[in-house]
Amino acid sequence: MQIELRNLTKVFPSRDKKSGEEVVAVNDFTFTIPDGQLIGLLGPSGCGKSTTLYMISGLQKPSGGQIFFGDEDVTEVSPEDRGIGLVFQNYALYPHMTVMQNILFPLQNLRGKDKMTKEAMIERAHQVARLVQIDELMNRKPSELSGGQQQRVAIARALAKMPRVLLLDEPLSNLDARLRLQTREEIRRIQKETGITTVFVTHDQEEAMSISDMIVVMKLGVLQQIGKPQEVYDDPANLFVAKFLGTPPINVFSGIVHNEMLYIGEAAVLPAPSVADQQVHVGIRPEAFVLDKDGPMTCQLNNVEVMGRDVSIVCTNEASENPIIRAIIDADARSAISGDSVRFSLKPHKVFLFGYEDEMRIRTSEVK
Amino acid sequence: MVESKHQWKAWLYLAPAIVLLLVFTVWPIVNTVRLSFLENYNGMKAAGGATFSIGLWNYEKVLSYPKFTDTLFNTIILCVLTVPISTILALLIAVALNSIKPLQKTLQTIFFLPYVTNSIAIGMVFAAMFNVIGSALGTPQENIESYGIINNIIMLFGFDHQSWINSTSTYEANLFVMTVYIVWNALPFKILVLLGGLQSINKQYYDAAKIDSTPRRRVFTRITVPLLSPMIAYVVITGFIGGFKEYSSIIGVFGDKKMGPPDDPDRLNTMVGFIYDSLEKNREGLASAAAIILFGIILVVTFINLWVSKKRVHY
């Protein structure tokens, strides 16, 4: 089921009656979610991503704009008639029911032509339980399950009635690190197997990048960028998106473009073809640094963190907007580090320029 | 743990409470048990130096007393009628209150008002509402027929006025009045407890139910009631304990020491009423035995309640 949001807006009235200021949680969203894809709504807390999800679910009414499922305008359709499955952040499993009863619950509500026989319901429950691999836990109560198992039950309950759209609100935030890795693969697998259009909300960029077909980056109710995770990472539309994606985060410097040459401090680091002379923010991905004893960029070495596969060099530079710079290099190159300073050259396609005031991306003609 | 050299301080601070509890709570309980086993114990005779043999005489006497078995029956029937009715009504009102936004606080206050009102005063108001005539003992000179509001309403619909609590009233009519009054009086506390329970239920369960297009009735029976079951068990248990101690409500409706209509003054006597009557006649032995029996009944009923709730209450 393709989901289309047209000029979707949500305004919350102000809590403080005196000031009367309204809070715009979601501001004029327009985008299309292709059928059968896994979409991550990504952004820091308060960016409106959960509000967007709840508007798609129908639990919250939009202040303006429309929502389409396929060709059908569902903006005014109540949640129960939208054919969605929703997995809540805290799972909202009914604590007094067993896993089986929880999964059966939505099926028992089906009326009219969708009404199922008891045998069919039980068959379906076992089917979705097998899909999420909880079929041996059917007689347990939610309190007797681990966080990851509860998560699976919640997904099974949402999938049981074969929804057109599956919505997940921060599905992994209550899980520990190891389980999070495992469960996100699991969500990916389930989504692939069922082919249900799935939208999930997260503030964790790594989570979103790792499993989404497409990510939607949001900030303060405003859509920042949509695209395949790798595309957004490699080609951020603005400084916010560049900073938000990637671990370790991007290093930001203040720089100057002069005569189509980018300067960081005194050093002429890269050519910047067809960019007018101006002050800029320079975003440099940690993996953009290459150890080079003749490189243009000199940084004062703080320490070297060994992480096995690669090495993280922590250093400082006066032009950096962050207190430290983090560069990731191959562990083999480590022997080249010596003394109080390191010199780097930069991979041009991992370096991004942003306007100093508006923080929007400035594209050079040559460098992508 | 408190260090041993500081323990005496702890005891010192606890002493006032402990002394008061020992004198006014623990000793009376122990003494009640003691008196219940002393044959026909009488405080006046005891003061005069009489001794009493030990045995089950008081219990046998109390249980064979038709008056006592009547009070037992009255008490139980009032409990059985009022506890379920008041619990169900309180549940419905609490759910309704919880589902409205405007006036919620105002209505909550109104529903809670009976709780802070004196129960004798409420009883007098109920008596006035159910009255047939202003003066039940009216002399020919003051034969004023002044109907209470209930009879006025009945007459409005073209029916004859009934004697609810006055002379010639039936036992069933009396029971009806008492049930209405006790239920009304018991509602505020139950509503308050259940409303508190309702407001602590995570709203997401309702969102989840909504997504799954759950009918309202099913939301109530399959989600609200089970999630509220600990609170329901609590109000049922305290309701039964309170019900077995019913006394002042009957005094409130029927007036000074009369546990029934004027022509049958003891008809609605309860167990607590029986205990008071026995004490008044200086028959402390009988009163103690009745009190212990009452205690035993409450204990058993509470255990049954707990046993049932263990099976039915979730978490």
# chains A, B, ... in the order shown; residues from 1 in each chain; ligands from 1

$ interface_residues --of "chain A" --to "chain B" --cutoff "12 Å" --atoms "only C-alpha atoms" --output "PyMOL selection string"
chain A and resi 54+56-60+77-98+101-111+141-144+154+157-163+165-167+169

$ residues_around --residues "Val272 of chain B" --least-positions-apart "4" --cutoff "8 Å" --atoms "only C-alpha atoms" --output "list in words"
Lys245, Glu246, Tyr247, Tyr276 and Ala291 of chain B

$ residues_around --residues "segment 119-123 of chain B" --least-positions-apart "3" --cutoff "12 Å" --atoms "only C-alpha atoms" --output "PyMOL selection string"
chain B and resi 113-116+126-131+165+177-182+184-186+246-257

$ write_last_selection --atoms "N, CA and C atoms" --output "tab-separated table (two decimals), in the first residue's frame"
chain	number	residue	atom	x	y	z
B	113	LEU	N	-19.30	14.40	47.71
B	113	LEU	CA	-19.90	15.10	48.84
B	113	LEU	C	-20.50	14.19	49.91
B	114	PRO	N	-21.25	13.13	49.55
B	114	PRO	CA	-21.84	12.30	50.61
B	114	PRO	C	-20.78	11.76	51.58
B	115	TYR	N	-19.54	11.60	51.06
B	115	TYR	CA	-18.49	11.02	51.90
B	115	TYR	C	-18.18	11.91	53.09
B	116	VAL	N	-18.31	13.23	52.90
B	116	VAL	CA	-17.96	14.15	53.99
B	116	VAL	C	-19.20	14.59	54.76
B	126	PHE	N	-33.02	10.79	54.12
B	126	PHE	CA	-33.66	9.66	53.45
B	126	PHE	C	-35.00	9.34	54.10
B	127	ALA	N	-35.03	9.42	55.45
B	127	ALA	CA	-36.28	9.15	56.16
B	127	ALA	C	-37.35	10.14	55.70
B	128	ALA	N	-36.94	11.39	55.58
B	128	ALA	CA	-37.91	12.41	55.15
B	128	ALA	C	-38.38	12.13	53.72
B	129	MET	N	-37.43	11.67	52.87
B	129	MET	CA	-37.78	11.41	51.48
B	129	MET	C	-38.79	10.27	51.36
B	130	PHE	N	-38.63	9.25	52.22
B	130	PHE	CA	-39.47	8.06	52.09
B	130	PHE	C	-40.69	8.11	53.00
B	131	ASN	N	-40.84	9.19	53.76
B	131	ASN	CA	-41.92	9.28	54.72
B	131	ASN	C	-43.29	9.20	54.06
B	165	ILE	N	-41.24	3.34	55.51
B	165	ILE	CA	-40.53	3.15	56.78
B	165	ILE	C	-41.45	3.37	57.97
B	177	VAL	N	-35.50	0.59	51.20
B	177	VAL	CA	-35.03	1.90	51.62
B	177	VAL	C	-33.58	1.81	52.11
B	178	MET	N	-33.30	0.79	52.91
B	178	MET	CA	-31.95	0.66	53.46
B	178	MET	C	-30.94	0.41	52.34
B	179	THR	N	-31.33	-0.40	51.36
B	179	THR	CA	-30.41	-0.69	50.26
B	179	THR	C	-30.08	0.59	49.48
B	180	VAL	N	-31.14	1.36	49.17
B	180	VAL	CA	-30.90	2.60	48.43
B	180	VAL	C	-29.97	3.51	49.24
B	181	TYR	N	-30.27	3.63	50.50
B	181	TYR	CA	-29.48	4.53	51.33
B	181	TYR	C	-28.03	4.07	51.46
B	182	ILE	N	-27.83	2.78	51.75
B	182	ILE	CA	-26.47	2.28	51.96
B	182	ILE	C	-25.67	2.37	50.65
B	184	TRP	N	-26.15	4.45	48.19
B	184	TRP	CA	-25.86	5.86	47.92
B	184	TRP	C	-24.71	6.34	48.80
B	185	ASN	N	-24.73	5.89	50.04
B	185	ASN	CA	-23.72	6.31	50.99
B	185	ASN	C	-22.36	5.69	50.67
B	186	ALA	N	-22.38	4.51	50.07
B	186	ALA	CA	-21.12	3.80	49.82
B	186	ALA	C	-20.48	4.25	48.50
B	246	GLU	N	-22.69	-2.75	59.58
B	246	GLU	CA	-23.81	-1.83	59.38
B	246	GLU	C	-24.58	-1.63	60.68
B	247	TYR	N	-24.81	-0.41	61.04
B	247	TYR	CA	-25.57	-0.11	62.25
B	247	TYR	C	-26.12	1.31	62.18
B	248	SER	N	-25.20	2.29	62.06
B	248	SER	CA	-25.61	3.69	62.17
B	248	SER	C	-26.54	4.09	61.04
B	249	SER	N	-26.43	3.41	59.87
B	249	SER	CA	-27.30	3.78	58.76
B	249	SER	C	-28.76	3.48	59.11
B	250	ILE	N	-28.97	2.37	59.82
B	250	ILE	CA	-30.35	1.99	60.17
B	250	ILE	C	-30.91	2.94	61.22
B	251	ILE	N	-30.03	3.26	62.20
B	251	ILE	CA	-30.41	4.27	63.19
B	251	ILE	C	-30.75	5.58	62.47
B	252	GLY	N	-29.92	5.89	61.46
B	252	GLY	CA	-30.10	7.15	60.74
B	252	GLY	C	-31.48	7.24	60.10
B	253	VAL	N	-31.92	6.14	59.50
B	253	VAL	CA	-33.21	6.18	58.81
B	253	VAL	C	-34.38	6.04	59.79
B	254	PHE	N	-34.26	5.12	60.75
B	254	PHE	CA	-35.41	4.82	61.59
B	254	PHE	C	-35.42	5.60	62.90
B	255	GLY	N	-34.37	6.33	63.15
B	255	GLY	CA	-34.39	7.20	64.32
B	255	GLY	C	-33.92	6.50	65.58
B	256	ASP	N	-33.88	7.26	66.61
B	256	ASP	CA	-33.29	6.93	67.90
B	256	ASP	C	-33.47	5.47	68.33
B	257	LYS	N	-32.43	4.69	68.19
B	257	LYS	CA	-32.34	3.32	68.68
B	257	LYS	C	-33.36	2.36	68.10

$ residues_around --residues "Ser320 of chain A" --least-positions-apart "3" --cutoff "8 Å" --atoms "only C-alpha atoms" --output "PDB file with all heavy atoms, in the first residue's frame"
ATOM      1  N   ASN A 251      32.834  15.935  11.334  1.00  0.00           N
ATOM      2  CA  ASN A 251      33.616  17.026  11.923  1.00  0.00           C
ATOM      3  C   ASN A 251      33.294  18.305  11.171  1.00  0.00           C
ATOM      4  O   ASN A 251      33.266  18.319   9.947  1.00  0.00           O
ATOM      5  CB  ASN A 251      35.109  16.730  11.797  1.00  0.00           C
ATOM      6  CG  ASN A 251      35.485  15.436  12.483  1.00  0.00           C
ATOM      7  OD1 ASN A 251      35.428  15.328  13.697  1.00  0.00           O
ATOM      8  ND2 ASN A 251      35.839  14.438  11.684  1.00  0.00           N
ATOM      9  N   VAL A 252      32.999  19.357  11.927  1.00  0.00           N
ATOM     10  CA  VAL A 252      32.631  20.616  11.274  1.00  0.00           C
ATOM     11  C   VAL A 252      33.704  21.670  11.552  1.00  0.00           C
ATOM     12  O   VAL A 252      34.129  21.854  12.696  1.00  0.00           O
ATOM     13  CB  VAL A 252      31.250  21.107  11.749  1.00  0.00           C
ATOM     14  CG1 VAL A 252      30.849  22.370  11.003  1.00  0.00           C
ATOM     15  CG2 VAL A 252      30.210  20.027  11.566  1.00  0.00           C
ATOM     16  N   PHE A 253      34.148  22.312  10.487  1.00  0.00           N
ATOM     17  CA  PHE A 253      35.154  23.374  10.583  1.00  0.00           C
ATOM     18  C   PHE A 253      34.555  24.638  10.003  1.00  0.00           C
ATOM     19  O   PHE A 253      33.648  24.586   9.175  1.00  0.00           O
ATOM     20  CB  PHE A 253      36.397  23.008   9.761  1.00  0.00           C
ATOM     21  CG  PHE A 253      37.092  21.764  10.234  1.00  0.00           C
ATOM     22  CD1 PHE A 253      36.640  20.509   9.836  1.00  0.00           C
ATOM     23  CD2 PHE A 253      38.191  21.852  11.064  1.00  0.00           C
ATOM     24  CE1 PHE A 253      37.281  19.366  10.273  1.00  0.00           C
ATOM     25  CE2 PHE A 253      38.846  20.703  11.499  1.00  0.00           C
ATOM     26  CZ  PHE A 253      38.383  19.458  11.104  1.00  0.00           C
ATOM     27  N   SER A 254      35.091  25.771  10.439  1.00  0.00           N
ATOM     28  CA  SER A 254      34.727  26.964   9.687  1.00  0.00           C
ATOM     29  C   SER A 254      35.843  27.206   8.679  1.00  0.00           C
ATOM     30  O   SER A 254      37.029  27.067   8.991  1.00  0.00           O
ATOM     31  CB  SER A 254      34.514  28.165  10.608  1.00  0.00           C
ATOM     32  OG  SER A 254      35.607  28.330  11.450  1.00  0.00           O
ATOM     33  N   THR A 316      42.994  17.981  17.543  1.00  0.00           N
ATOM     34  CA  THR A 316      42.364  19.300  17.583  1.00  0.00           C
ATOM     35  C   THR A 316      42.923  20.179  16.484  1.00  0.00           C
ATOM     36  O   THR A 316      44.023  19.940  15.969  1.00  0.00           O
ATOM     37  CB  THR A 316      42.610  19.999  18.942  1.00  0.00           C
ATOM     38  OG1 THR A 316      44.011  20.020  19.180  1.00  0.00           O
ATOM     39  CG2 THR A 316      41.909  19.293  20.070  1.00  0.00           C
ATOM     40  N   ASN A 317      42.116  21.180  16.141  1.00  0.00           N
ATOM     41  CA  ASN A 317      42.527  22.145  15.142  1.00  0.00           C
ATOM     42  C   ASN A 317      41.803  23.431  15.471  1.00  0.00           C
ATOM     43  O   ASN A 317      40.627  23.402  15.842  1.00  0.00           O
ATOM     44  CB  ASN A 317      42.141  21.624  13.747  1.00  0.00           C
ATOM     45  CG  ASN A 317      42.599  22.546  12.632  1.00  0.00           C
ATOM     46  OD1 ASN A 317      42.250  23.725  12.605  1.00  0.00           O
ATOM     47  ND2 ASN A 317      43.376  22.008  11.724  1.00  0.00           N
ATOM     48  N   PRO A 323      35.016  20.722  19.887  1.00  0.00           N
ATOM     49  CA  PRO A 323      36.259  20.699  20.672  1.00  0.00           C
ATOM     50  C   PRO A 323      37.280  19.704  20.133  1.00  0.00           C
ATOM     51  O   PRO A 323      38.480  19.959  20.201  1.00  0.00           O
ATOM     52  CB  PRO A 323      35.802  20.310  22.075  1.00  0.00           C
ATOM     53  CG  PRO A 323      34.347  20.064  22.021  1.00  0.00           C
ATOM     54  CD  PRO A 323      33.823  20.456  20.694  1.00  0.00           C
ATOM     55  N   ILE A 324      36.830  18.591  19.605  1.00  0.00           N
ATOM     56  CA  ILE A 324      37.796  17.624  19.087  1.00  0.00           C
ATOM     57  C   ILE A 324      37.416  17.199  17.684  1.00  0.00           C
ATOM     58  O   ILE A 324      36.269  17.308  17.266  1.00  0.00           O
ATOM     59  CB  ILE A 324      37.926  16.362  19.978  1.00  0.00           C
ATOM     60  CG1 ILE A 324      36.551  15.697  20.130  1.00  0.00           C
ATOM     61  CG2 ILE A 324      38.547  16.670  21.310  1.00  0.00           C
ATOM     62  CD1 ILE A 324      36.640  14.238  20.455  1.00  0.00           C
ATOM     63  N   ILE A 325      38.423  16.683  17.005  1.00  0.00           N
ATOM     64  CA  ILE A 325      38.200  16.125  15.670  1.00  0.00           C
ATOM     65  C   ILE A 325      38.420  14.629  15.786  1.00  0.00           C
ATOM     66  O   ILE A 325      39.318  14.179  16.509  1.00  0.00           O
ATOM     67  CB  ILE A 325      39.220  16.692  14.662  1.00  0.00           C
ATOM     68  CG1 ILE A 325      39.187  18.220  14.675  1.00  0.00           C
ATOM     69  CG2 ILE A 325      38.979  16.147  13.271  1.00  0.00           C
ATOM     70  CD1 ILE A 325      40.446  18.821  14.085  1.00  0.00           C
TER      71      ILE A 325
END

$ atom_distance --atom1 "atom CA of Gly283 of chain A" --atom2 "atom CA of Glu305 of chain A"
21.7 Å

$ residues_around --residues "segment 29-33 of chain A" --least-positions-apart "5" --cutoff "10 Å" --atoms "only C-alpha atoms" --output "PyMOL selection string"
chain A and resi 1-10+38-39+52+64-70+197-199+214+216+218+221-223+226

$ write_last_selection --atoms "C-alpha atoms" --output "compact mmCIF listing (two decimals), in the first residue's frame"
# COMPACT_ATOMS: atom_id res chain seq x y z
CA MET A 1 0.00 0.00 0.00
CA GLN A 2 1.49 3.28 -1.08
CA ILE A 3 1.15 6.03 1.49
CA GLU A 4 1.07 9.62 0.38
CA LEU A 5 1.19 12.63 2.66
CA ARG A 6 0.08 15.92 1.15
CA ASN A 7 0.86 19.17 2.97
CA LEU A 8 0.35 17.35 6.25
CA THR A 9 0.40 19.77 9.18
CA LYS A 10 -0.20 19.37 12.88
CA LEU A 38 10.46 0.01 5.01
CA ILE A 39 10.67 3.69 5.84
CA THR A 52 3.53 12.07 11.86
CA GLY A 64 -4.24 20.43 7.70
CA GLY A 65 -3.32 18.39 4.66
CA GLN A 66 -4.30 14.95 3.51
CA ILE A 67 -3.21 11.33 3.88
CA PHE A 68 -3.75 8.82 1.09
CA PHE A 69 -3.48 5.04 1.29
CA GLY A 70 -3.18 4.14 -2.35
CA THR A 197 4.52 -1.14 3.78
CA THR A 198 6.15 -0.31 7.08
CA VAL A 199 6.89 3.02 8.69
CA MET A 214 14.30 5.05 2.66
CA VAL A 216 13.01 10.70 6.15
CA MET A 218 13.07 15.69 10.19
CA GLY A 221 8.52 19.72 12.36
CA VAL A 222 10.23 20.46 9.08
CA LEU A 223 11.18 17.83 6.55
CA ILE A 226 14.28 12.01 2.00

$ residues_around --residues "segment 51-66 of chain B" --least-positions-apart "2" --cutoff "8 Å" --atoms "only C-alpha atoms" --output "list in words"
Ser36, Phe37, Leu38, Glu39, Asn40, Tyr41, Ala46, Gly49, Phe68, Thr69, Asp70, Gly285, Leu286, Ala289 and Ala290 of chain B

$ residues_around --residues "Ile110 of chain B" --least-positions-apart "3" --cutoff "12 Å" --atoms "only C-alpha atoms" --output "ChimeraX atom specification"
/B:97,103-107,113-117,187-188,191-192

$ write_last_selection --atoms "N, CA, C and O atoms" --output "PDB file, in the first residue's frame"
ATOM      1  N   LEU B  97     -17.385   9.160  34.406  1.00  0.00           N
ATOM      2  CA  LEU B  97     -16.669  10.369  34.839  1.00  0.00           C
ATOM      3  C   LEU B  97     -15.324  10.481  34.147  1.00  0.00           C
ATOM      4  O   LEU B  97     -14.888  11.564  33.755  1.00  0.00           O
ATOM      5  N   LEU B 103     -16.350  19.607  33.091  1.00  0.00           N
ATOM      6  CA  LEU B 103     -17.073  19.392  34.346  1.00  0.00           C
ATOM      7  C   LEU B 103     -16.604  18.176  35.136  1.00  0.00           C
ATOM      8  O   LEU B 103     -17.204  17.823  36.134  1.00  0.00           O
ATOM      9  N   GLN B 104     -15.536  17.514  34.681  1.00  0.00           N
ATOM     10  CA  GLN B 104     -15.129  16.300  35.381  1.00  0.00           C
ATOM     11  C   GLN B 104     -14.832  16.572  36.849  1.00  0.00           C
ATOM     12  O   GLN B 104     -15.310  15.879  37.736  1.00  0.00           O
ATOM     13  N   LYS B 105     -14.050  17.635  37.084  1.00  0.00           N
ATOM     14  CA  LYS B 105     -13.665  17.952  38.465  1.00  0.00           C
ATOM     15  C   LYS B 105     -14.890  18.326  39.289  1.00  0.00           C
ATOM     16  O   LYS B 105     -15.026  17.914  40.439  1.00  0.00           O
ATOM     17  N   THR B 106     -15.795  19.098  38.685  1.00  0.00           N
ATOM     18  CA  THR B 106     -16.993  19.531  39.402  1.00  0.00           C
ATOM     19  C   THR B 106     -17.843  18.325  39.788  1.00  0.00           C
ATOM     20  O   THR B 106     -18.244  18.174  40.951  1.00  0.00           O
ATOM     21  N   LEU B 107     -18.082  17.440  38.794  1.00  0.00           N
ATOM     22  CA  LEU B 107     -18.901  16.264  39.065  1.00  0.00           C
ATOM     23  C   LEU B 107     -18.229  15.354  40.087  1.00  0.00           C
ATOM     24  O   LEU B 107     -18.883  14.787  40.948  1.00  0.00           O
ATOM     25  N   LEU B 113     -19.295  14.397  47.707  1.00  0.00           N
ATOM     26  CA  LEU B 113     -19.902  15.104  48.843  1.00  0.00           C
ATOM     27  C   LEU B 113     -20.502  14.189  49.912  1.00  0.00           C
ATOM     28  O   LEU B 113     -20.286  14.442  51.100  1.00  0.00           O
ATOM     29  N   PRO B 114     -21.253  13.134  49.550  1.00  0.00           N
ATOM     30  CA  PRO B 114     -21.835  12.299  50.608  1.00  0.00           C
ATOM     31  C   PRO B 114     -20.782  11.761  51.576  1.00  0.00           C
ATOM     32  O   PRO B 114     -21.072  11.502  52.743  1.00  0.00           O
ATOM     33  N   TYR B 115     -19.540  11.595  51.065  1.00  0.00           N
ATOM     34  CA  TYR B 115     -18.493  11.021  51.902  1.00  0.00           C
ATOM     35  C   TYR B 115     -18.178  11.912  53.092  1.00  0.00           C
ATOM     36  O   TYR B 115     -17.832  11.431  54.162  1.00  0.00           O
ATOM     37  N   VAL B 116     -18.311  13.232  52.898  1.00  0.00           N
ATOM     38  CA  VAL B 116     -17.961  14.148  53.987  1.00  0.00           C
ATOM     39  C   VAL B 116     -19.205  14.587  54.757  1.00  0.00           C
ATOM     40  O   VAL B 116     -19.130  15.467  55.587  1.00  0.00           O
ATOM     41  N   THR B 117     -20.337  13.944  54.430  1.00  0.00           N
ATOM     42  CA  THR B 117     -21.570  14.292  55.139  1.00  0.00           C
ATOM     43  C   THR B 117     -21.830  13.258  56.226  1.00  0.00           C
ATOM     44  O   THR B 117     -21.580  12.070  56.037  1.00  0.00           O
ATOM     45  N   LEU B 187     -21.263   4.888  47.634  1.00  0.00           N
ATOM     46  CA  LEU B 187     -20.753   5.223  46.302  1.00  0.00           C
ATOM     47  C   LEU B 187     -19.501   6.113  46.292  1.00  0.00           C
ATOM     48  O   LEU B 187     -18.544   5.794  45.596  1.00  0.00           O
ATOM     49  N   PRO B 188     -19.490   7.221  47.025  1.00  0.00           N
ATOM     50  CA  PRO B 188     -18.382   8.171  46.843  1.00  0.00           C
ATOM     51  C   PRO B 188     -17.008   7.543  47.011  1.00  0.00           C
ATOM     52  O   PRO B 188     -16.135   7.734  46.165  1.00  0.00           O
ATOM     53  N   ILE B 191     -16.295   5.224  44.079  1.00  0.00           N
ATOM     54  CA  ILE B 191     -16.045   5.976  42.844  1.00  0.00           C
ATOM     55  C   ILE B 191     -14.633   6.565  42.882  1.00  0.00           C
ATOM     56  O   ILE B 191     -13.880   6.487  41.911  1.00  0.00           O
ATOM     57  N   LEU B 192     -14.284   7.109  44.024  1.00  0.00           N
ATOM     58  CA  LEU B 192     -12.968   7.744  44.152  1.00  0.00           C
ATOM     59  C   LEU B 192     -11.846   6.739  43.900  1.00  0.00           C
ATOM     60  O   LEU B 192     -10.917   6.997  43.136  1.00  0.00           O
TER      61      LEU B 192
END

$ select_by_dssp --residues "segment 115-195 of chain A" --states "helix (DSSP H, G or I)" --output "VMD selection string"
chain A and resid 118 to 131 135 to 137 142 to 144 147 to 160 177 to 194

$ closest_residue --among "A:Ala333, A:Val304, A:Leu262, A:Leu353" --to "Asp292 of chain A" --atoms "only C-alpha atoms"
A:Ala333

$ atom_distance --atom1 "atom CA of Ala10 of chain B" --atom2 "atom CA of Trp27 of chain B"
22.9 Å

$ closest_residue --among "A:Arg334, A:Lys192, A:Arg363, A:Arg309" --to "Asn238 of chain A" --atoms "only C-alpha atoms"
A:Arg363

$ atom_distance --atom1 "atom CA of Gln151 of chain A" --atom2 "atom CA of Asn174 of chain A"
8.9 Å

$ closest_residue --among "B:Phe73, B:Tyr147, B:Phe274, B:Trp307" --to "Ile237 of chain B" --atoms "only C-alpha atoms"
B:Trp307

$ closest_residue --among "A:Lys61, A:Arg164, A:His281, A:Lys219" --to "Ile196 of chain A" --atoms "only C-alpha atoms"
A:Arg164
